[in-house]
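Structure file upload.tsv; described as TSV, C-alpha atoms.
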chain	number	residue	atom	x	y	z
Z	1	MET	CA	-3.17	-29.47	-3.92
Z	2	THR	CA	-0.34	-29.38	-6.43
Z	3	ALA	CA	0.48	-26.31	-8.51
Z	4	ALA	CA	-0.82	-28.05	-11.63
Z	5	GLN	CA	-4.10	-28.91	-9.90
Z	6	LYS	CA	-4.50	-25.31	-8.73
Z	7	GLU	CA	-3.89	-24.13	-12.29
Z	8	VAL	CA	-6.58	-26.42	-13.74
Z	9	ARG	CA	-9.05	-25.52	-11.02
Z	10	ALA	CA	-8.48	-21.79	-11.48
Z	11	VAL	CA	-9.05	-22.01	-15.23
Z	12	ALA	CA	-12.19	-24.09	-14.72
Z	13	ASP	CA	-13.82	-21.94	-12.07
Z	14	LEU	CA	-12.85	-18.32	-12.68
Z	15	ASP	CA	-14.65	-16.70	-15.59
Z	16	ARG	CA	-15.61	-13.10	-14.80
Z	17	VAL	CA	-13.91	-10.46	-12.67
Z	18	LEU	CA	-14.82	-6.83	-12.01
Z	19	VAL	CA	-11.80	-4.59	-11.43
Z	20	LEU	CA	-12.60	-1.47	-9.43
Z	21	ALA	CA	-10.28	1.41	-10.26
Z	22	GLY	CA	-10.30	5.18	-10.10
Z	23	GLY	CA	-12.12	6.65	-7.13
Z	24	LEU	CA	-12.23	10.23	-5.90
Z	25	SER	CA	-8.94	10.38	-3.99
Z	26	PRO	CA	-5.84	12.26	-5.24
Z	27	GLU	CA	-4.53	8.84	-6.24
Z	28	HIS	CA	-7.20	8.45	-8.94
Z	29	GLU	CA	-4.78	8.29	-11.88
Z	30	VAL	CA	-2.51	5.77	-10.16
Z	31	SER	CA	-5.54	3.60	-9.44
Z	32	VAL	CA	-6.68	3.80	-13.07
Z	33	HIS	CA	-3.24	2.62	-14.24
Z	34	SER	CA	-3.18	-0.17	-11.67
Z	35	GLY	CA	-6.62	-1.30	-12.74
Z	36	ARG	CA	-5.58	-1.35	-16.38
Z	37	SER	CA	-2.55	-3.51	-15.51
Z	38	VAL	CA	-4.65	-6.03	-13.60
Z	39	ALA	CA	-7.33	-6.16	-16.31
Z	40	GLU	CA	-4.80	-6.69	-19.11
Z	41	ALA	CA	-3.03	-9.39	-17.09
Z	42	LEU	CA	-6.25	-11.33	-16.45
Z	43	ARG	CA	-7.36	-11.02	-20.05
Z	44	ARG	CA	-4.11	-12.59	-21.20
Z	45	LEU	CA	-5.27	-15.68	-19.32
Z	46	ASP	CA	-8.70	-15.59	-20.98
Z	47	VAL	CA	-10.54	-14.27	-17.95
Z	48	GLU	CA	-13.45	-11.98	-18.81
Z	49	VAL	CA	-12.78	-8.64	-17.12
Z	50	GLN	CA	-14.84	-5.50	-16.70
Z	51	VAL	CA	-13.36	-2.31	-15.25
Z	52	ALA	CA	-15.52	0.13	-13.33
Z	53	ASP	CA	-15.08	3.25	-11.22
Z	54	VAL	CA	-16.81	3.83	-7.91
Z	55	ASP	CA	-19.88	5.94	-8.59
Z	56	SER	CA	-23.66	5.97	-8.14
Z	57	THR	CA	-24.09	3.12	-10.64
Z	58	LEU	CA	-21.91	0.61	-8.77
Z	59	LEU	CA	-24.58	-0.89	-6.51
Z	60	ASP	CA	-27.00	-1.33	-9.39
Z	61	ARG	CA	-24.26	-2.99	-11.45
Z	62	LEU	CA	-23.44	-5.40	-8.62
Z	63	ALA	CA	-27.12	-6.25	-8.10
Z	64	GLU	CA	-28.13	-6.62	-11.74
Z	65	ASP	CA	-25.06	-8.37	-13.09
Z	66	PRO	CA	-22.93	-9.57	-10.17
Z	67	PRO	CA	-19.37	-10.59	-11.06
Z	68	GLN	CA	-17.85	-13.71	-9.63
Z	69	VAL	CA	-15.15	-11.65	-7.93
Z	70	VAL	CA	-14.28	-7.99	-7.43
Z	71	PHE	CA	-10.62	-7.03	-7.60
Z	72	PRO	CA	-10.33	-3.60	-5.92
Z	73	VAL	CA	-7.29	-1.57	-6.93
Z	74	LEU	CA	-8.52	1.67	-5.41
Z	75	HIS	CA	-5.84	3.74	-3.69
Z	76	GLY	CA	-6.32	6.34	-1.00
Z	77	SER	CA	-9.54	7.03	0.88
Z	78	ALA	CA	-12.49	4.67	0.35
Z	79	GLY	CA	-10.23	2.26	-1.51
Z	80	GLU	CA	-7.95	1.55	1.42
Z	81	ASP	CA	-9.91	2.70	4.45
Z	82	GLY	CA	-12.28	-0.27	4.22
Z	83	ALA	CA	-15.39	1.61	3.07
Z	84	ILE	CA	-15.77	0.00	-0.36
Z	85	ARG	CA	-15.01	-3.42	1.09
Z	86	GLU	CA	-17.79	-2.90	3.64
Z	87	VAL	CA	-20.14	-2.32	0.71
Z	88	LEU	CA	-18.91	-5.44	-1.07
Z	89	GLU	CA	-19.55	-7.49	2.06
Z	90	LEU	CA	-23.02	-6.00	2.41
Z	91	VAL	CA	-23.96	-7.08	-1.12
Z	92	GLY	CA	-22.23	-10.45	-0.71
Z	93	VAL	CA	-19.70	-10.21	-3.54
Z	94	PRO	CA	-16.34	-11.93	-2.99
Z	95	TYR	CA	-13.34	-9.62	-3.34
Z	96	VAL	CA	-9.56	-9.71	-3.34
Z	97	GLY	CA	-7.69	-8.23	-0.41
Z	98	ALA	CA	-8.00	-7.37	3.25
Z	99	ARG	CA	-11.27	-7.11	5.13
Z	100	PRO	CA	-12.59	-3.68	6.24
Z	101	SER	CA	-11.36	-3.82	9.85
Z	102	ALA	CA	-7.82	-4.68	8.76
Z	103	CYS	CA	-7.90	-1.92	6.14
Z	104	ARG	CA	-8.81	0.64	8.77
Z	105	LEU	CA	-5.88	-0.40	10.95
Z	106	ALA	CA	-3.34	-0.30	8.15
Z	107	TYR	CA	-4.70	2.92	6.65
Z	108	SER	CA	-4.11	4.81	9.89
Z	109	LYS	CA	-0.33	5.19	9.98
Z	110	PRO	CA	-0.17	6.05	13.72
Z	111	ALA	CA	-2.34	3.03	14.63
Z	112	ALA	CA	-0.30	0.68	12.46
Z	113	LYS	CA	2.96	2.01	13.92
Z	114	ALA	CA	1.68	1.49	17.47
Z	115	LEU	CA	0.67	-2.11	16.78
Z	116	LEU	CA	4.01	-2.93	15.17
Z	117	ALA	CA	5.92	-1.29	18.02
Z	118	GLU	CA	4.03	-3.50	20.48
Z	119	GLN	CA	5.44	-6.49	18.59
Z	120	GLY	CA	8.98	-5.24	19.05
Z	121	VAL	CA	9.34	-3.84	15.53
Z	122	ARG	CA	11.45	-0.69	15.30
Z	123	VAL	CA	9.45	2.39	14.24
Z	124	PRO	CA	10.47	6.04	13.84
Z	125	ARG	CA	10.02	8.36	16.79
Z	126	GLY	CA	7.27	10.79	15.99
Z	127	ALA	CA	4.03	12.52	16.86
Z	128	ALA	CA	0.62	12.61	15.21
Z	129	LEU	CA	-0.99	16.01	15.55
Z	130	PRO	CA	-4.27	17.37	14.18
Z	131	LYS	CA	-4.39	20.66	12.36
Z	132	SER	CA	-6.43	22.12	15.22
Z	133	ALA	CA	-3.51	21.62	17.64
Z	134	PHE	CA	-1.38	24.10	15.73
Z	135	HIS	CA	-4.22	26.60	15.75
Z	136	ASP	CA	-5.17	26.15	19.41
Z	137	LEU	CA	-1.71	25.78	20.95
Z	138	GLY	CA	0.21	28.20	18.77
Z	139	ALA	CA	2.13	26.98	15.76
Z	140	PRO	CA	5.54	28.60	16.47
Z	141	ALA	CA	5.84	27.11	19.95
Z	142	LEU	CA	4.66	23.72	18.81
Z	143	LEU	CA	7.05	23.65	15.85
Z	144	ASP	CA	9.98	24.50	18.10
Z	145	ARG	CA	9.00	21.76	20.54
Z	146	LEU	CA	8.69	19.16	17.76
Z	147	ALA	CA	12.13	20.00	16.40
Z	148	GLU	CA	13.62	19.97	19.89
Z	149	ARG	CA	12.00	16.68	20.87
Z	150	LEU	CA	12.53	14.71	17.66
Z	151	GLY	CA	15.59	16.44	16.27
Z	152	LEU	CA	16.28	17.45	12.70
Z	153	PRO	CA	15.95	16.31	9.95
Z	154	LEU	CA	12.30	15.29	10.11
Z	155	PHE	CA	9.73	13.87	7.74
Z	156	VAL	CA	6.12	15.03	7.53
Z	157	LYS	CA	3.27	13.07	5.97
Z	158	PRO	CA	-0.51	12.80	6.29
Z	159	ASP	CA	-1.66	10.31	8.91
Z	160	LYS	CA	-3.61	8.55	6.14
Z	161	GLY	CA	-3.17	8.18	2.39
Z	162	GLY	CA	-0.41	7.22	0.00
Z	163	SER	CA	1.53	8.00	-3.16
Z	164	ALA	CA	3.54	10.55	-1.13
Z	165	PHE	CA	0.84	13.22	-1.43
Z	166	GLY	CA	1.48	15.86	1.25
Z	167	ALA	CA	4.72	14.17	2.33
Z	168	ALA	CA	8.02	16.04	2.54
Z	169	PRO	CA	11.45	15.93	4.20
Z	170	VAL	CA	12.23	18.72	6.65
Z	171	ALA	CA	15.69	20.17	7.29
Z	172	SER	CA	14.77	23.19	9.44
Z	173	VAL	CA	11.98	24.59	11.60
Z	174	GLN	CA	11.11	26.94	8.74
Z	175	ASP	CA	10.79	23.94	6.39
Z	176	LEU	CA	8.60	22.25	8.98
Z	177	SER	CA	6.00	25.01	8.81
Z	178	ALA	CA	5.77	24.80	5.01
Z	179	ALA	CA	5.66	21.01	5.06
Z	180	LEU	CA	2.75	21.03	7.50
Z	181	VAL	CA	0.79	23.49	5.37
Z	182	SER	CA	1.22	21.14	2.40
Z	183	CYS	CA	0.34	18.10	4.49
Z	184	PHE	CA	-2.89	19.63	5.82
Z	185	ALA	CA	-4.08	20.07	2.25
Z	186	TYR	CA	-4.46	16.27	2.16
Z	187	SER	CA	-5.36	15.41	5.74
Z	188	ASP	CA	-6.55	17.09	8.91
Z	189	SER	CA	-3.82	15.32	10.87
Z	190	ALA	CA	-0.07	15.16	10.26
Z	191	LEU	CA	2.47	12.57	11.27
Z	192	VAL	CA	5.83	14.19	12.09
Z	193	GLU	CA	8.66	11.70	12.42
Z	194	GLU	CA	12.42	11.56	12.72
Z	195	GLN	CA	13.91	11.12	9.26
Z	196	VAL	CA	15.43	7.65	9.29
Z	197	GLN	CA	18.60	7.34	7.24
Z	198	GLY	CA	19.38	4.17	5.31
Z	199	THR	CA	18.26	2.05	2.37
Z	200	GLU	CA	14.62	2.51	1.39
Z	201	LEU	CA	12.80	-0.73	0.63
Z	202	ALA	CA	9.37	-1.90	-0.44
Z	203	VAL	CA	8.61	-5.48	0.59
Z	204	GLY	CA	5.61	-7.21	-0.91
Z	205	VAL	CA	3.82	-10.04	0.84
Z	206	LEU	CA	1.80	-12.55	-1.16
Z	207	ASP	CA	-0.53	-15.30	0.02
Z	208	THR	CA	-2.20	-17.40	-2.66
Z	209	GLY	CA	-3.38	-20.09	-0.27
Z	210	ASP	CA	-0.29	-21.58	1.32
Z	211	GLY	CA	0.38	-18.80	3.82
Z	212	PRO	CA	1.97	-15.36	3.46
Z	213	VAL	CA	5.39	-15.20	1.82
Z	214	ALA	CA	7.62	-12.13	1.60
Z	215	LEU	CA	8.74	-11.33	-1.93
Z	216	PRO	CA	12.26	-10.12	-2.70
Z	217	PRO	CA	12.70	-6.59	-1.28
Z	218	VAL	CA	12.87	-3.80	-3.85
Z	219	GLU	CA	15.51	-1.15	-3.16
Z	220	ILE	CA	14.37	2.35	-4.11
Z	221	VAL	CA	16.84	5.03	-5.22
Z	222	PRO	CA	15.03	8.20	-6.43
Z	223	ASP	CA	17.10	10.61	-8.50
Z	224	GLY	CA	16.33	13.56	-6.23
Z	225	GLY	CA	16.79	11.64	-3.00
Z	226	VAL	CA	13.07	11.77	-2.12
Z	227	TYR	CA	10.57	9.14	-3.28
Z	228	ASP	CA	7.78	11.63	-4.01
Z	229	TYR	CA	4.84	11.33	-6.41
Z	230	ALA	CA	6.90	12.23	-9.50
Z	231	ALA	CA	9.66	9.82	-8.52
Z	232	ARG	CA	7.12	7.03	-8.01
Z	233	TYR	CA	5.22	7.33	-11.26
Z	234	THR	CA	7.57	8.91	-13.79
Z	235	ALA	CA	9.59	6.33	-15.67
Z	236	GLY	CA	13.30	6.91	-15.25
Z	237	ARG	CA	13.02	9.13	-12.18
Z	238	THR	CA	13.82	6.29	-9.79
Z	239	GLU	CA	16.27	3.44	-9.97
Z	240	PHE	CA	15.06	0.13	-8.55
Z	241	PHE	CA	17.16	-2.83	-7.50
Z	242	CYS	CA	15.46	-6.17	-7.01
Z	243	PRO	CA	16.70	-8.02	-5.16
Z	244	ALA	CA	17.99	-5.20	-2.98
Z	245	ARG	CA	21.73	-4.66	-2.65
Z	246	LEU	CA	21.84	-5.81	0.97
Z	247	ASP	CA	23.40	-8.72	2.77
Z	248	ALA	CA	21.35	-11.80	3.60
Z	249	ASP	CA	20.76	-10.81	7.24
Z	250	ALA	CA	19.42	-7.37	6.31
Z	251	VAL	CA	17.14	-8.89	3.66
Z	252	ALA	CA	15.85	-11.43	6.17
Z	253	ALA	CA	15.18	-8.67	8.72
Z	254	ALA	CA	13.25	-6.62	6.13
Z	255	LYS	CA	11.16	-9.62	5.11
Z	256	GLU	CA	10.37	-10.42	8.73
Z	257	VAL	CA	9.08	-6.88	9.34
Z	258	ALA	CA	6.82	-7.11	6.28
Z	259	LEU	CA	5.46	-10.50	7.34
Z	260	THR	CA	4.90	-9.26	10.89
Z	261	ALA	CA	2.99	-6.24	9.60
Z	262	HIS	CA	0.85	-8.42	7.33
Z	263	ARG	CA	0.03	-10.73	10.23
Z	264	VAL	CA	-0.44	-8.18	13.03
Z	265	LEU	CA	-2.66	-5.92	10.94
Z	266	GLY	CA	-4.82	-8.90	9.98
Z	267	LEU	CA	-4.26	-8.59	6.23
Z	268	ARG	CA	-4.87	-11.22	3.58
Z	269	ASP	CA	-3.96	-11.98	-0.05
Z	270	PHE	CA	-1.29	-9.32	-0.56
Z	271	SER	CA	0.24	-6.18	0.91
Z	272	ARG	CA	3.31	-3.99	0.64
Z	273	THR	CA	5.33	-2.69	3.55
Z	274	ASP	CA	7.66	0.29	3.22
Z	275	LEU	CA	10.68	0.42	5.48
Z	276	ILE	CA	14.22	1.69	5.91
Z	277	VAL	CA	17.20	-0.53	6.60
Z	278	ARG	CA	19.80	1.37	8.59
Z	279	ALA	CA	23.54	1.01	8.10
Z	280	ASP	CA	23.67	-1.53	10.94
Z	281	GLY	CA	21.17	-3.79	9.15
Z	282	ARG	CA	18.21	-3.02	11.42
Z	283	ALA	CA	14.87	-2.51	9.68
Z	284	THR	CA	12.55	0.36	10.62
Z	285	PHE	CA	8.86	0.10	9.72
Z	286	LEU	CA	7.28	3.06	7.95
Z	287	GLU	CA	3.84	1.94	6.77
Z	288	THR	CA	1.87	-0.87	5.14
Z	289	ASN	CA	-0.31	-0.57	2.06
Z	290	VAL	CA	-3.32	-2.87	1.63
Z	291	ALA	CA	-3.75	-1.97	-2.05
Z	292	PRO	CA	-0.23	-1.76	-3.49
Z	293	GLY	CA	0.26	0.05	-6.76
Z	294	LEU	CA	0.24	-2.37	-9.68
Z	295	THR	CA	1.44	-0.07	-12.47
Z	296	GLU	CA	4.44	-0.60	-14.71
Z	297	THR	CA	6.60	1.40	-12.26
Z	298	SER	CA	5.18	-0.18	-9.09
Z	299	THR	CA	7.34	-2.31	-6.85
Z	300	PHE	CA	4.93	-5.20	-6.23
Z	301	PRO	CA	4.99	-6.50	-9.83
Z	302	MET	CA	8.78	-6.05	-9.87
Z	303	ALA	CA	9.12	-8.17	-6.75
Z	304	ALA	CA	6.81	-10.86	-8.13
Z	305	ALA	CA	8.90	-11.04	-11.30
Z	306	ALA	CA	12.10	-11.29	-9.26
Z	307	ALA	CA	10.55	-14.22	-7.40
Z	308	GLY	CA	9.94	-15.96	-10.73
Z	309	LEU	CA	6.19	-15.37	-10.66
Z	310	ASP	CA	4.03	-14.42	-13.62
Z	311	PHE	CA	2.07	-11.29	-12.64
Z	312	ALA	CA	-0.97	-12.45	-14.62
Z	313	VAL	CA	-1.01	-15.80	-12.84
Z	314	VAL	CA	-0.66	-14.04	-9.48
Z	315	CYS	CA	-3.68	-11.86	-10.25
Z	316	ARG	CA	-5.72	-14.87	-11.33
Z	317	GLU	CA	-4.76	-16.88	-8.24
Z	318	LEU	CA	-5.75	-14.00	-5.97
Z	319	ALA	CA	-9.09	-13.67	-7.74
Z	320	HIS	CA	-9.65	-17.42	-7.64
Z	321	GLN	CA	-8.83	-17.51	-3.94
Z	322	ALA	CA	-11.43	-14.80	-3.29
Z	323	LEU	CA	-13.95	-16.84	-5.30
Z	324	MET	CA	-13.29	-19.90	-3.16
Z	325	ARG	CA	-13.82	-17.87	0.03
Z	326	GLY	CA	-17.27	-17.01	-1.28
When written as C-alpha cells, how does the structure in this file appear?
Amino acid sequence: MTAAQKEVRAVADLDRVLVLAGGLSPEHEVSVHSGRSVAEALRRLDVEVQVADVDSTLLDRLAEDPPQVVFPVLHGSAGEDGAIREVLELVGVPYVGARPSACRLAYSKPAAKALLAEQGVRVPRGAALPKSAFHDLGAPALLDRLAERLGLPLFVKPDKGGSAFGAAPVASVQDLSAALVSCFAYSDSALVEEQVQGTELAVGVLDTGDGPVALPPVEIVPDGGVYDYAARYTAGRTEFFCPARLDADAVAAAKEVALTAHRVLGLRDFSRTDLIVRADGRATFLETNVAPGLTETSTFPMAAAAAGLDFAVVCRELAHQALMRG
C-alpha cells in the first residue's frame, strides 16, 4: 500500500479515539501532558478525541460508549506494567502499543537487561536487591560489598518505573546509603549499577506497519549533569541534539541496540530505549520504555520531527494500525 493510499484509508476509517492519561503513579502529571499532546495532535487531523483518566468509571465508559481505539499514554505502574492493557484486551477494545506480556518484560529493568545481555548487547554491571536484603543482611556490610564489587561511581534506580523518580548518581558509600533510601520510597527493590560514562541517548523506534525503524538518536545534555525529573520536564534545563553529535558508526550501533530491544522484548508500534555510547563508540543498554513521554520536552516527538515525520500523522497512523488489528 502506498503512503497516499494509507493516508486516505486512515482518514476514512478512523473517527474516534480515547486517550488514557493520568493514572495514580508519581508520573501522573507527565502522563497528563503527554495525553494532551496526543489529543491535540489527533484533533488537528479532524479525529474526534476524548481524554480520560483511569478510575472506577472507565469500564462503564468502555462498555456504554466504546471508542474505536484506545491510545494509552499512562506512565509508571499500571500504565506500563501491562495491567491496563490486560483490561483493554478483556473488554475487546483495540489499543496502541505493546501487549501486556511485553510490557511486563520491559517494565522490569533487571529482566529486560538480562534478555538484552543474552543477545550480546552490552549492559551495565549491577545488582538488583530488595529492601528486605538490606534489613536482613545488614546495610553497612552490603553497601561496602556493592561498592567493592561494582566500583564507584554507581547509579541507583528503582527496578521499575520511569521519569527518574528515585534515581540518583552515587560517588561514595555514604551517598549510596542516601540514594537507596530515596529509591525505596518508589520501589521495594533497587537496581544498583556501575555508572557508565559517555554520551546519553534516547532512541525511539516506530512501526506504522512496515516494520520497526529506529528514529534519529537524541543526545541528552542536562545542565546539572544528571537527567533527573526536573531536567526532563523543565524547559531549558536540558540541551538536546537531534541527530546526536556522534559519528555514523556510533549512531548505527545505538539504533541497533534500540531495534534489538524492541524486538527481543516483543514490543509493537513504538518504544524508546535509553542508552549510553562510550568514548569508543560502543553502546550500553540502560532500559526501554513502552510508553515514551510525548510532551513538548520529550525526546520521541523530537526524533520523529528530525526524521521528517509529522507527529500528528504518526499518532493517527498508530491509532489506525491498532484499529486494523481489531
*Near Pro158 (chain Z), within 7 Å and counting only C-alpha atoms, which residues show up once chain neighbours fewer than 5 positions away are dropped, as number ranges by chain?*
Z: 166-167, 183, 186-187, 189-191
*For Ala252 (chain Z), please output as a ChimeraX atom specification all residues within 12 Å (counting all atoms listed in the file; exclusion window: fewer than 6 positions along the same chain).*
/Z:203,213-217,243-244,246,258-259,277,281-283
*asked:* Env of Val69 (chain Z): 7 Å cut, atoms = all atoms listed in the file, seq-sep filter 4 positions within chain, self excluded. Answer as a ChimeraX atom specification.
replied: /Z:17-18,93-95,319,322-323
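The nearest approach to Val91 (chain Z) among the residues Z:Gly293, Z:Gly211, Z:Gly79, Z:Gly326, with all atoms listed in the file taken into account, belongs to Z:Gly326.
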*Counting all atoms listed in the file, figure out which residue out of Z:Val73, Z:Asp65, Z:Ala106, Z:Val121 gets nearest to Ala39 (chain Z).*
Z:Val73
*asked:* I'd like the neighbourhood of region 307-318 of chain Z as an NGL selection string, where a residue qualifies if any of its atoms comes within 6 Å (using all atoms listed in the file), though same-chain residues fewer than 5 positions away should be ignored.
replied: :Z and (41-42 or 208)
Prev. selection, C-alpha atoms, output as a JSON list (two decimals), in the coordinates of the input:
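Saved the output as result-v3.json:
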[["chain", "number", "residue", "atom", "x", "y", "z"],
["Z", 41, "ALA", "CA", -3.03, -9.39, -17.09],
["Z", 42, "LEU", "CA", -6.25, -11.33, -16.45],
["Z", 208, "THR", "CA", -2.20, -17.40, -2.66]]
